[in-house]
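See below for protein37.pdb, which holds PDB, C-alpha atoms.
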```
ATOM      1  CA  MET A   1      99.958  79.226  93.135  1.00  0.00           C
ATOM      2  CA  LYS A   2      99.662  82.469  91.140  1.00  0.00           C
ATOM      3  CA  ARG A   3     102.542  84.514  89.812  1.00  0.00           C
ATOM      4  CA  PHE A   4     103.568  87.454  87.668  1.00  0.00           C
ATOM      5  CA  GLN A   5     106.788  88.993  86.468  1.00  0.00           C
ATOM      6  CA  TYR A   6     107.650  92.656  86.423  1.00  0.00           C
ATOM      7  CA  THR A   7     110.636  94.661  85.203  1.00  0.00           C
ATOM      8  CA  ILE A   8     111.468  97.630  87.452  1.00  0.00           C
ATOM      9  CA  LYS A   9     111.298 100.974  85.645  1.00  0.00           C
ATOM     10  CA  ASP A  10     111.872 103.317  88.609  1.00  0.00           C
ATOM     11  CA  PRO A  11     115.468 104.599  88.250  1.00  0.00           C
ATOM     12  CA  ALA A  12     115.937 104.253  92.024  1.00  0.00           C
ATOM     13  CA  GLY A  13     114.862 100.604  92.033  1.00  0.00           C
ATOM     14  CA  LEU A  14     112.862  99.176  94.902  1.00  0.00           C
ATOM     15  CA  HIS A  15     113.864 101.763  97.523  1.00  0.00           C
ATOM     16  CA  ALA A  16     112.739 102.370 101.097  1.00  0.00           C
ATOM     17  CA  ARG A  17     109.484 104.332 101.062  1.00  0.00           C
ATOM     18  CA  PRO A  18     107.716 102.578  98.185  1.00  0.00           C
ATOM     19  CA  ALA A  19     109.052  99.254  99.476  1.00  0.00           C
ATOM     20  CA  GLY A  20     107.277  99.982 102.764  1.00  0.00           C
ATOM     21  CA  LEU A  21     104.034 100.650 100.911  1.00  0.00           C
ATOM     22  CA  LEU A  22     104.502  97.457  98.895  1.00  0.00           C
ATOM     23  CA  VAL A  23     104.989  95.409 102.059  1.00  0.00           C
ATOM     24  CA  GLN A  24     101.881  96.992 103.577  1.00  0.00           C
ATOM     25  CA  GLU A  25      99.910  96.043 100.458  1.00  0.00           C
ATOM     26  CA  ALA A  26     101.174  92.437 100.679  1.00  0.00           C
ATOM     27  CA  GLN A  27     100.249  92.237 104.353  1.00  0.00           C
ATOM     28  CA  LYS A  28      96.585  92.813 103.469  1.00  0.00           C
ATOM     29  CA  PHE A  29      96.433  89.266 102.159  1.00  0.00           C
ATOM     30  CA  GLY A  30      96.407  86.032 104.105  1.00  0.00           C
ATOM     31  CA  CYS A  31      98.315  84.036 101.505  1.00  0.00           C
ATOM     32  CA  ALA A  32     102.102  83.611 101.468  1.00  0.00           C
ATOM     33  CA  VAL A  33     103.697  86.144  99.093  1.00  0.00           C
ATOM     34  CA  LYS A  34     107.239  85.943  97.801  1.00  0.00           C
ATOM     35  CA  LEU A  35     109.468  88.217  95.780  1.00  0.00           C
ATOM     36  CA  ALA A  36     112.140  86.473  93.704  1.00  0.00           C
ATOM     37  CA  ARG A  37     114.965  87.562  91.430  1.00  0.00           C
ATOM     38  CA  GLY A  38     116.988  84.745  89.945  1.00  0.00           C
ATOM     39  CA  GLU A  39     117.936  82.351  92.751  1.00  0.00           C
ATOM     40  CA  LYS A  40     117.236  84.824  95.551  1.00  0.00           C
ATOM     41  CA  SER A  41     113.816  85.220  97.133  1.00  0.00           C
ATOM     42  CA  ALA A  42     112.308  87.113 100.043  1.00  0.00           C
ATOM     43  CA  ASP A  43     109.113  87.246 102.092  1.00  0.00           C
ATOM     44  CA  LEU A  44     107.204  90.161 100.543  1.00  0.00           C
ATOM     45  CA  LYS A  45     105.543  90.880 103.892  1.00  0.00           C
ATOM     46  CA  ARG A  46     108.849  91.794 105.585  1.00  0.00           C
ATOM     47  CA  LEU A  47     110.399  95.176 104.777  1.00  0.00           C
ATOM     48  CA  PHE A  48     113.901  94.050 105.744  1.00  0.00           C
ATOM     49  CA  ALA A  49     113.736  90.995 103.522  1.00  0.00           C
ATOM     50  CA  VAL A  50     112.498  93.059 100.582  1.00  0.00           C
ATOM     51  CA  MET A  51     115.103  95.802 100.989  1.00  0.00           C
ATOM     52  CA  GLY A  52     117.818  93.197 101.420  1.00  0.00           C
ATOM     53  CA  MET A  53     117.110  92.031  97.862  1.00  0.00           C
ATOM     54  CA  ASN A  54     118.492  95.332  96.563  1.00  0.00           C
ATOM     55  CA  VAL A  55     116.315  95.259  93.457  1.00  0.00           C
ATOM     56  CA  LYS A  56     117.542  97.760  90.874  1.00  0.00           C
ATOM     57  CA  CYS A  57     116.105  99.473  87.843  1.00  0.00           C
ATOM     58  CA  GLY A  58     115.924  97.194  84.807  1.00  0.00           C
ATOM     59  CA  GLU A  59     115.855  93.984  86.848  1.00  0.00           C
ATOM     60  CA  THR A  60     112.987  91.547  86.497  1.00  0.00           C
ATOM     61  CA  VAL A  61     111.354  90.159  89.601  1.00  0.00           C
ATOM     62  CA  GLU A  62     108.762  87.453  90.020  1.00  0.00           C
ATOM     63  CA  VAL A  63     106.024  87.656  92.623  1.00  0.00           C
ATOM     64  CA  THR A  64     104.305  84.450  93.705  1.00  0.00           C
ATOM     65  CA  ALA A  65     101.311  84.051  95.965  1.00  0.00           C
ATOM     66  CA  GLN A  66     100.069  80.838  97.523  1.00  0.00           C
ATOM     67  CA  GLY A  67      96.921  80.516  99.615  1.00  0.00           C
ATOM     68  CA  ASP A  68      93.194  81.216  99.645  1.00  0.00           C
ATOM     69  CA  ASP A  69      93.333  84.788  98.357  1.00  0.00           C
ATOM     70  CA  GLU A  70      96.246  84.303  95.942  1.00  0.00           C
ATOM     71  CA  THR A  71      94.333  85.545  92.889  1.00  0.00           C
ATOM     72  CA  ALA A  72      93.320  88.806  94.559  1.00  0.00           C
ATOM     73  CA  ALA A  73      96.838  89.244  95.973  1.00  0.00           C
ATOM     74  CA  VAL A  74      98.531  88.857  92.601  1.00  0.00           C
ATOM     75  CA  GLN A  75      96.090  91.268  90.956  1.00  0.00           C
ATOM     76  CA  ALA A  76      96.570  93.925  93.635  1.00  0.00           C
ATOM     77  CA  LEU A  77     100.356  93.558  93.745  1.00  0.00           C
ATOM     78  CA  GLU A  78     100.762  93.646  89.980  1.00  0.00           C
ATOM     79  CA  ALA A  79      98.751  96.872  89.888  1.00  0.00           C
ATOM     80  CA  PHE A  80     100.912  98.221  92.709  1.00  0.00           C
ATOM     81  CA  PHE A  81     104.152  97.472  90.849  1.00  0.00           C
ATOM     82  CA  GLN A  82     102.800  99.143  87.714  1.00  0.00           C
ATOM     83  CA  ALA A  83     101.773 102.247  89.655  1.00  0.00           C
ATOM     84  CA  HIS A  84     104.930 102.646  91.776  1.00  0.00           C
ATOM     85  CA  PHE A  85     107.921 100.943  90.168  1.00  0.00           C
TER      86      PHE A  85
ATOM     87  CA  MET B  86     138.727  93.883 126.803  1.00  0.00           C
ATOM     88  CA  SER B  87     141.153  95.688 129.116  1.00  0.00           C
ATOM     89  CA  GLU B  88     139.809  97.780 131.936  1.00  0.00           C
ATOM     90  CA  LYS B  89     141.077 100.888 130.228  1.00  0.00           C
ATOM     91  CA  THR B  90     139.337 100.140 126.916  1.00  0.00           C
ATOM     92  CA  SER B  91     136.169  99.221 128.725  1.00  0.00           C
ATOM     93  CA  LEU B  92     136.163 102.504 130.603  1.00  0.00           C
ATOM     94  CA  PHE B  93     136.823 104.336 127.340  1.00  0.00           C
ATOM     95  CA  SER B  94     133.906 102.581 125.634  1.00  0.00           C
ATOM     96  CA  ARG B  95     131.656 103.388 128.531  1.00  0.00           C
ATOM     97  CA  LEU B  96     132.579 107.060 128.357  1.00  0.00           C
ATOM     98  CA  LEU B  97     131.575 107.015 124.707  1.00  0.00           C
ATOM     99  CA  GLY B  98     128.248 105.400 125.598  1.00  0.00           C
ATOM    100  CA  ARG B  99     129.092 102.208 123.757  1.00  0.00           C
ATOM    101  CA  GLU B 100     128.739  99.704 126.561  1.00  0.00           C
ATOM    102  CA  ASN B 101     127.424  96.494 125.140  1.00  0.00           C
ATOM    103  CA  ALA B 102     125.427  95.048 128.019  1.00  0.00           C
ATOM    104  CA  PRO B 103     121.647  95.414 127.796  1.00  0.00           C
ATOM    105  CA  ASP B 104     119.947  97.369 130.533  1.00  0.00           C
ATOM    106  CA  PRO B 105     119.003  95.454 133.688  1.00  0.00           C
ATOM    107  CA  ASP B 106     115.353  95.389 132.554  1.00  0.00           C
ATOM    108  CA  GLY B 107     116.364  93.659 129.296  1.00  0.00           C
ATOM    109  CA  SER B 108     115.605  96.627 127.067  1.00  0.00           C
ATOM    110  CA  GLU B 109     117.795  97.694 124.168  1.00  0.00           C
ATOM    111  CA  ILE B 110     118.781 101.313 123.739  1.00  0.00           C
ATOM    112  CA  VAL B 111     118.400 102.883 120.312  1.00  0.00           C
ATOM    113  CA  ALA B 112     120.611 105.953 120.422  1.00  0.00           C
ATOM    114  CA  SER B 113     120.339 109.058 118.311  1.00  0.00           C
ATOM    115  CA  PRO B 114     122.450 108.629 115.168  1.00  0.00           C
ATOM    116  CA  LEU B 115     122.833 112.396 114.771  1.00  0.00           C
ATOM    117  CA  ASP B 116     123.303 115.730 116.430  1.00  0.00           C
ATOM    118  CA  GLY B 117     120.011 117.526 116.154  1.00  0.00           C
ATOM    119  CA  GLU B 118     116.465 117.880 117.353  1.00  0.00           C
ATOM    120  CA  SER B 119     114.321 114.781 117.867  1.00  0.00           C
ATOM    121  CA  ALA B 120     110.623 114.456 117.142  1.00  0.00           C
ATOM    122  CA  ASP B 121     108.022 111.731 117.212  1.00  0.00           C
ATOM    123  CA  ILE B 122     107.724 109.906 113.891  1.00  0.00           C
ATOM    124  CA  THR B 123     104.109 111.081 113.576  1.00  0.00           C
ATOM    125  CA  ALA B 124     105.411 114.672 113.340  1.00  0.00           C
ATOM    126  CA  VAL B 125     107.430 114.238 110.107  1.00  0.00           C
ATOM    127  CA  ALA B 126     106.101 115.741 106.879  1.00  0.00           C
ATOM    128  CA  ASP B 127     106.573 112.521 104.908  1.00  0.00           C
ATOM    129  CA  LYS B 128     103.218 110.800 105.327  1.00  0.00           C
ATOM    130  CA  THR B 129     104.546 107.303 104.638  1.00  0.00           C
ATOM    131  CA  PHE B 130     106.771 107.603 107.691  1.00  0.00           C
ATOM    132  CA  ALA B 131     104.307 109.622 109.788  1.00  0.00           C
ATOM    133  CA  ASP B 132     101.673 106.915 109.292  1.00  0.00           C
ATOM    134  CA  LYS B 133     104.209 104.353 110.601  1.00  0.00           C
ATOM    135  CA  ILE B 134     103.988 102.336 107.395  1.00  0.00           C
ATOM    136  CA  LEU B 135     107.714 101.617 107.673  1.00  0.00           C
ATOM    137  CA  GLY B 136     107.436 101.088 111.425  1.00  0.00           C
ATOM    138  CA  ASP B 137     107.216 103.074 114.655  1.00  0.00           C
ATOM    139  CA  GLY B 138     110.088 105.239 115.862  1.00  0.00           C
ATOM    140  CA  MET B 139     111.352 108.788 115.998  1.00  0.00           C
ATOM    141  CA  ALA B 140     113.027 111.270 113.669  1.00  0.00           C
ATOM    142  CA  VAL B 141     115.996 113.577 114.100  1.00  0.00           C
ATOM    143  CA  ILE B 142     116.352 116.895 112.293  1.00  0.00           C
ATOM    144  CA  PRO B 143     120.124 117.028 111.940  1.00  0.00           C
ATOM    145  CA  THR B 144     122.299 119.959 112.907  1.00  0.00           C
ATOM    146  CA  GLY B 145     125.423 117.918 112.135  1.00  0.00           C
ATOM    147  CA  ASP B 146     126.566 116.030 109.052  1.00  0.00           C
ATOM    148  CA  LYS B 147     127.721 112.698 110.483  1.00  0.00           C
ATOM    149  CA  LEU B 148     125.490 109.701 111.123  1.00  0.00           C
ATOM    150  CA  TYR B 149     126.514 107.134 113.740  1.00  0.00           C
ATOM    151  CA  ALA B 150     125.240 103.637 114.504  1.00  0.00           C
ATOM    152  CA  PRO B 151     122.325 103.803 116.972  1.00  0.00           C
ATOM    153  CA  VAL B 152     122.844 100.196 118.136  1.00  0.00           C
ATOM    154  CA  ASP B 153     125.282  97.318 118.009  1.00  0.00           C
ATOM    155  CA  GLY B 154     124.293  95.218 115.026  1.00  0.00           C
ATOM    156  CA  THR B 155     124.796  94.336 111.379  1.00  0.00           C
ATOM    157  CA  VAL B 156     124.354  96.548 108.322  1.00  0.00           C
ATOM    158  CA  GLU B 157     121.831  94.435 106.424  1.00  0.00           C
ATOM    159  CA  ASN B 158     121.307  96.824 103.583  1.00  0.00           C
ATOM    160  CA  LEU B 159     122.934 100.021 102.358  1.00  0.00           C
ATOM    161  CA  LEU B 160     121.208 101.524  99.358  1.00  0.00           C
ATOM    162  CA  ASP B 161     123.446 102.458  96.413  1.00  0.00           C
ATOM    163  CA  SER B 162     122.204 106.000  96.865  1.00  0.00           C
ATOM    164  CA  ARG B 163     123.656 105.873 100.417  1.00  0.00           C
ATOM    165  CA  HIS B 164     120.748 107.899 101.823  1.00  0.00           C
ATOM    166  CA  ALA B 165     119.253 105.024 103.808  1.00  0.00           C
ATOM    167  CA  LEU B 166     120.372 101.891 105.545  1.00  0.00           C
ATOM    168  CA  CYS B 167     118.969  98.938 107.437  1.00  0.00           C
ATOM    169  CA  ILE B 168     120.577  97.648 110.613  1.00  0.00           C
ATOM    170  CA  LEU B 169     119.639  94.450 112.398  1.00  0.00           C
ATOM    171  CA  SER B 170     120.328  95.136 116.072  1.00  0.00           C
ATOM    172  CA  ALA B 171     121.850  92.670 118.492  1.00  0.00           C
ATOM    173  CA  GLY B 172     118.406  92.556 120.164  1.00  0.00           C
ATOM    174  CA  GLY B 173     116.602  91.631 116.931  1.00  0.00           C
ATOM    175  CA  ALA B 174     115.210  95.040 116.006  1.00  0.00           C
ATOM    176  CA  GLU B 175     115.076  95.811 112.284  1.00  0.00           C
ATOM    177  CA  LEU B 176     116.051  99.475 112.084  1.00  0.00           C
ATOM    178  CA  LEU B 177     115.626 101.648 109.042  1.00  0.00           C
ATOM    179  CA  ILE B 178     117.399 105.012 108.992  1.00  0.00           C
ATOM    180  CA  HIS B 179     116.442 107.301 106.137  1.00  0.00           C
ATOM    181  CA  VAL B 180     118.328 110.599 105.783  1.00  0.00           C
ATOM    182  CA  GLY B 181     116.001 113.277 104.465  1.00  0.00           C
ATOM    183  CA  ARG B 182     113.021 113.184 102.192  1.00  0.00           C
ATOM    184  CA  ASP B 183     113.273 112.292  98.475  1.00  0.00           C
ATOM    185  CA  THR B 184     117.076 112.142  98.810  1.00  0.00           C
ATOM    186  CA  VAL B 185     116.910 108.909  96.782  1.00  0.00           C
ATOM    187  CA  THR B 186     116.764 111.182  93.709  1.00  0.00           C
ATOM    188  CA  LEU B 187     120.359 112.303  94.342  1.00  0.00           C
ATOM    189  CA  ASN B 188     121.754 108.848  93.544  1.00  0.00           C
ATOM    190  CA  GLY B 189     124.397 109.181  96.221  1.00  0.00           C
ATOM    191  CA  ARG B 190     125.442 112.764  95.532  1.00  0.00           C
ATOM    192  CA  HIS B 191     126.304 114.574  98.815  1.00  0.00           C
ATOM    193  CA  PHE B 192     126.520 111.221 100.674  1.00  0.00           C
ATOM    194  CA  THR B 193     129.623 109.261 101.714  1.00  0.00           C
ATOM    195  CA  ALA B 194     129.406 105.782 103.240  1.00  0.00           C
ATOM    196  CA  HIS B 195     131.883 104.601 105.870  1.00  0.00           C
ATOM    197  CA  VAL B 196     130.506 101.059 106.145  1.00  0.00           C
ATOM    198  CA  ARG B 197     129.742  98.218 103.764  1.00  0.00           C
ATOM    199  CA  GLU B 198     126.777  95.903 103.590  1.00  0.00           C
ATOM    200  CA  GLY B 199     127.163  92.950 105.914  1.00  0.00           C
ATOM    201  CA  GLU B 200     129.521  94.804 108.246  1.00  0.00           C
ATOM    202  CA  GLN B 201     129.156  94.434 112.011  1.00  0.00           C
ATOM    203  CA  VAL B 202     128.926  97.820 113.684  1.00  0.00           C
ATOM    204  CA  ARG B 203     129.073  99.111 117.238  1.00  0.00           C
ATOM    205  CA  ARG B 204     126.853 101.799 118.662  1.00  0.00           C
ATOM    206  CA  GLY B 205     128.534 105.144 118.025  1.00  0.00           C
ATOM    207  CA  GLN B 206     130.458 103.977 114.942  1.00  0.00           C
ATOM    208  CA  LEU B 207     130.486 106.429 112.016  1.00  0.00           C
ATOM    209  CA  LEU B 208     128.224 105.096 109.236  1.00  0.00           C
ATOM    210  CA  LEU B 209     127.568 107.941 106.817  1.00  0.00           C
ATOM    211  CA  GLU B 210     128.514 111.521 106.149  1.00  0.00           C
ATOM    212  CA  PHE B 211     126.473 113.972 104.155  1.00  0.00           C
ATOM    213  CA  ASP B 212     126.890 117.528 102.941  1.00  0.00           C
ATOM    214  CA  ARG B 213     124.200 119.124 105.058  1.00  0.00           C
ATOM    215  CA  GLU B 214     124.715 122.631 103.700  1.00  0.00           C
ATOM    216  CA  ALA B 215     124.482 121.504 100.077  1.00  0.00           C
ATOM    217  CA  LEU B 216     121.357 119.428 100.777  1.00  0.00           C
ATOM    218  CA  LEU B 217     119.646 122.346 102.516  1.00  0.00           C
ATOM    219  CA  GLU B 218     120.663 124.678  99.684  1.00  0.00           C
ATOM    220  CA  GLU B 219     118.990 122.301  97.252  1.00  0.00           C
ATOM    221  CA  GLY B 220     115.842 122.474  99.329  1.00  0.00           C
ATOM    222  CA  PHE B 221     115.801 119.007 100.901  1.00  0.00           C
ATOM    223  CA  ASP B 222     113.911 118.341 104.109  1.00  0.00           C
ATOM    224  CA  LEU B 223     116.552 116.546 106.198  1.00  0.00           C
ATOM    225  CA  ALA B 224     114.315 115.084 108.909  1.00  0.00           C
ATOM    226  CA  THR B 225     115.769 111.604 109.378  1.00  0.00           C
ATOM    227  CA  PRO B 226     113.399 108.858 110.517  1.00  0.00           C
ATOM    228  CA  VAL B 227     114.822 106.091 112.699  1.00  0.00           C
ATOM    229  CA  VAL B 228     112.137 103.416 112.659  1.00  0.00           C
ATOM    230  CA  VAL B 229     111.807  99.787 113.686  1.00  0.00           C
ATOM    231  CA  SER B 230     110.198  97.861 110.833  1.00  0.00           C
ATOM    232  CA  ASN B 231     109.311  94.972 113.164  1.00  0.00           C
ATOM    233  CA  SER B 232     108.144  97.327 115.941  1.00  0.00           C
ATOM    234  CA  ALA B 233     105.118  95.126 116.673  1.00  0.00           C
ATOM    235  CA  ARG B 234     107.541  92.744 118.433  1.00  0.00           C
ATOM    236  CA  PHE B 235     108.604  95.353 120.978  1.00  0.00           C
ATOM    237  CA  VAL B 236     107.278  97.746 123.554  1.00  0.00           C
ATOM    238  CA  MET B 237     108.822 101.080 122.569  1.00  0.00           C
ATOM    239  CA  GLU B 238     109.593 103.648 125.237  1.00  0.00           C
ATOM    240  CA  LYS B 239     110.374 106.963 123.543  1.00  0.00           C
ATOM    241  CA  SER B 240     112.439 109.736 125.096  1.00  0.00           C
ATOM    242  CA  ALA B 241     110.843 113.175 125.146  1.00  0.00           C
ATOM    243  CA  PRO B 242     111.503 115.118 121.917  1.00  0.00           C
ATOM    244  CA  GLY B 243     114.264 117.708 122.139  1.00  0.00           C
ATOM    245  CA  ALA B 244     117.941 118.322 121.519  1.00  0.00           C
ATOM    246  CA  VAL B 245     119.868 115.076 120.997  1.00  0.00           C
ATOM    247  CA  SER B 246     123.424 114.076 120.280  1.00  0.00           C
ATOM    248  CA  PRO B 247     124.883 110.760 119.101  1.00  0.00           C
ATOM    249  CA  GLY B 248     124.716 108.215 121.903  1.00  0.00           C
ATOM    250  CA  GLY B 249     121.781 109.929 123.632  1.00  0.00           C
ATOM    251  CA  VAL B 250     118.747 107.673 124.088  1.00  0.00           C
ATOM    252  CA  LEU B 251     116.153 108.121 121.325  1.00  0.00           C
ATOM    253  CA  PHE B 252     114.019 105.219 122.500  1.00  0.00           C
ATOM    254  CA  ARG B 253     114.235 101.879 124.288  1.00  0.00           C
ATOM    255  CA  LEU B 254     112.909  98.570 123.045  1.00  0.00           C
ATOM    256  CA  LEU B 255     111.644  95.883 125.333  1.00  0.00           C
ATOM    257  CA  PRO B 256     110.811  92.570 123.615  1.00  0.00           C
ATOM    258  CA  LYS B 257     107.199  91.477 124.032  1.00  0.00           C
ATOM    259  CA  ASP B 258     106.562  88.000 125.384  1.00  0.00           C
ATOM    260  CA  GLU B 259     105.810  85.800 122.397  1.00  0.00           C
TER     261      GLU B 259
END
```

What does the file become when written as structure tokens?
Amino acid sequence: MKRFQYTIKDPAGLHARPAGLLVQEAQKFGCAVKLARGEKSADLKRLFAVMGMNVKCGETVEVTAQGDDETAAVQALEAFFQAHF
Amino acid sequence: MSEKTSLFSRLLGRENAPDPDGSEIVASPLDGESADITAVADKTFADKILGDGMAVIPTGDKLYAPVDGTVENLLDSRHALCILSAGGAELLIHVGRDTVTLNGRHFTAHVREGEQVRRGQLLLEFDREALLEEGFDLATPVVVSNSARFVMEKSAPGAVSPGGVLFRLLPKDE
């Protein structure tokens, strides 16, 4: 399993449009990808699950990937977070 | 439900029973002009990245529930919400483009997260005039984020009012 943490800098948090792009990015990988904040976690490949997390600016999330392409997934998703959130 | 109430609901287009063919109706949430999702200026929506669906360019300022379901998510900025329909469709309604930057200004919510809603119930109000004055594109996508699970039958684009059929969803055999 690979993971990284990221603190959201976008004042609007993890809102609809960029969340859709994030989910699309996650769906490119075969491995299981999760988004967690504290006790709560969501399937990063499902827009509804991600939006339901209501991630706000200043909050720290952890992304974990498990499966064959987990290293590539974590690299791509970390870059995505840095570019968009 | 009494016969009278039932008749009243039916007149308002809120009847709960699915169509005989098993499809679920997604009604227009707004008064306005409908268009295919591929016609909106916002490329993320036009490319169906958030799901397939349609958009409504509002002429009114009140947004009503397009289906019976549950409000799964209402953003703090009140410009978008997610509704899980009784038929399992994950609907995202997003009022206008870049309206997230307003942080809720010009928007009033009439529902809370987790609330059960009925088709035709008032969900949001917005100050259309003020938004247009500030230069916002108000095209409002209504998309199904799990649209791959359904066959979507879209109504022809044109004038719509709340309760009018925007599209129908027929579950695919899984």

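Put simply, the PyMOL selection byres ((chain B) within 7 of (chain A)) in this file takes in Thr129, Ile134, Leu135, Glu157, Asn158, Glu175, Val185 and Ser230 of chain B.
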
* **Interatomic distance (Å, one decimal) between CA of Asp146 in chain B and CA of Ala174 in chain B** =>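 These two atoms are separated by 24.9 Å.
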
* To do: Dig up all the protein and nucleic acid residues within 7 Å of (109.8, 88.7, 89.4) in the file frame, using all atoms listed in the file, and format them as a PyMOL selection string.
  => chain A and resi 4-6+35-37+60-63

* Leaving out Leu223 in chain B and any residue of its chain fewer than 2 positions from it, which residues lie within 10 Å of it when counting only C-alpha atoms, given as a list in words? -> Ala140, Val141, Ile142, Pro143, Thr144, His179, Val180, Gly181, Arg182, Asp183, Thr184, Arg213, Leu216, Leu217, Gly220, Phe221, Thr225 and Pro226 of chain B

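Between CA of Ile8 in chain A and CA of Ile122 in chain B the interatomic distance comes to 29.4 Å.
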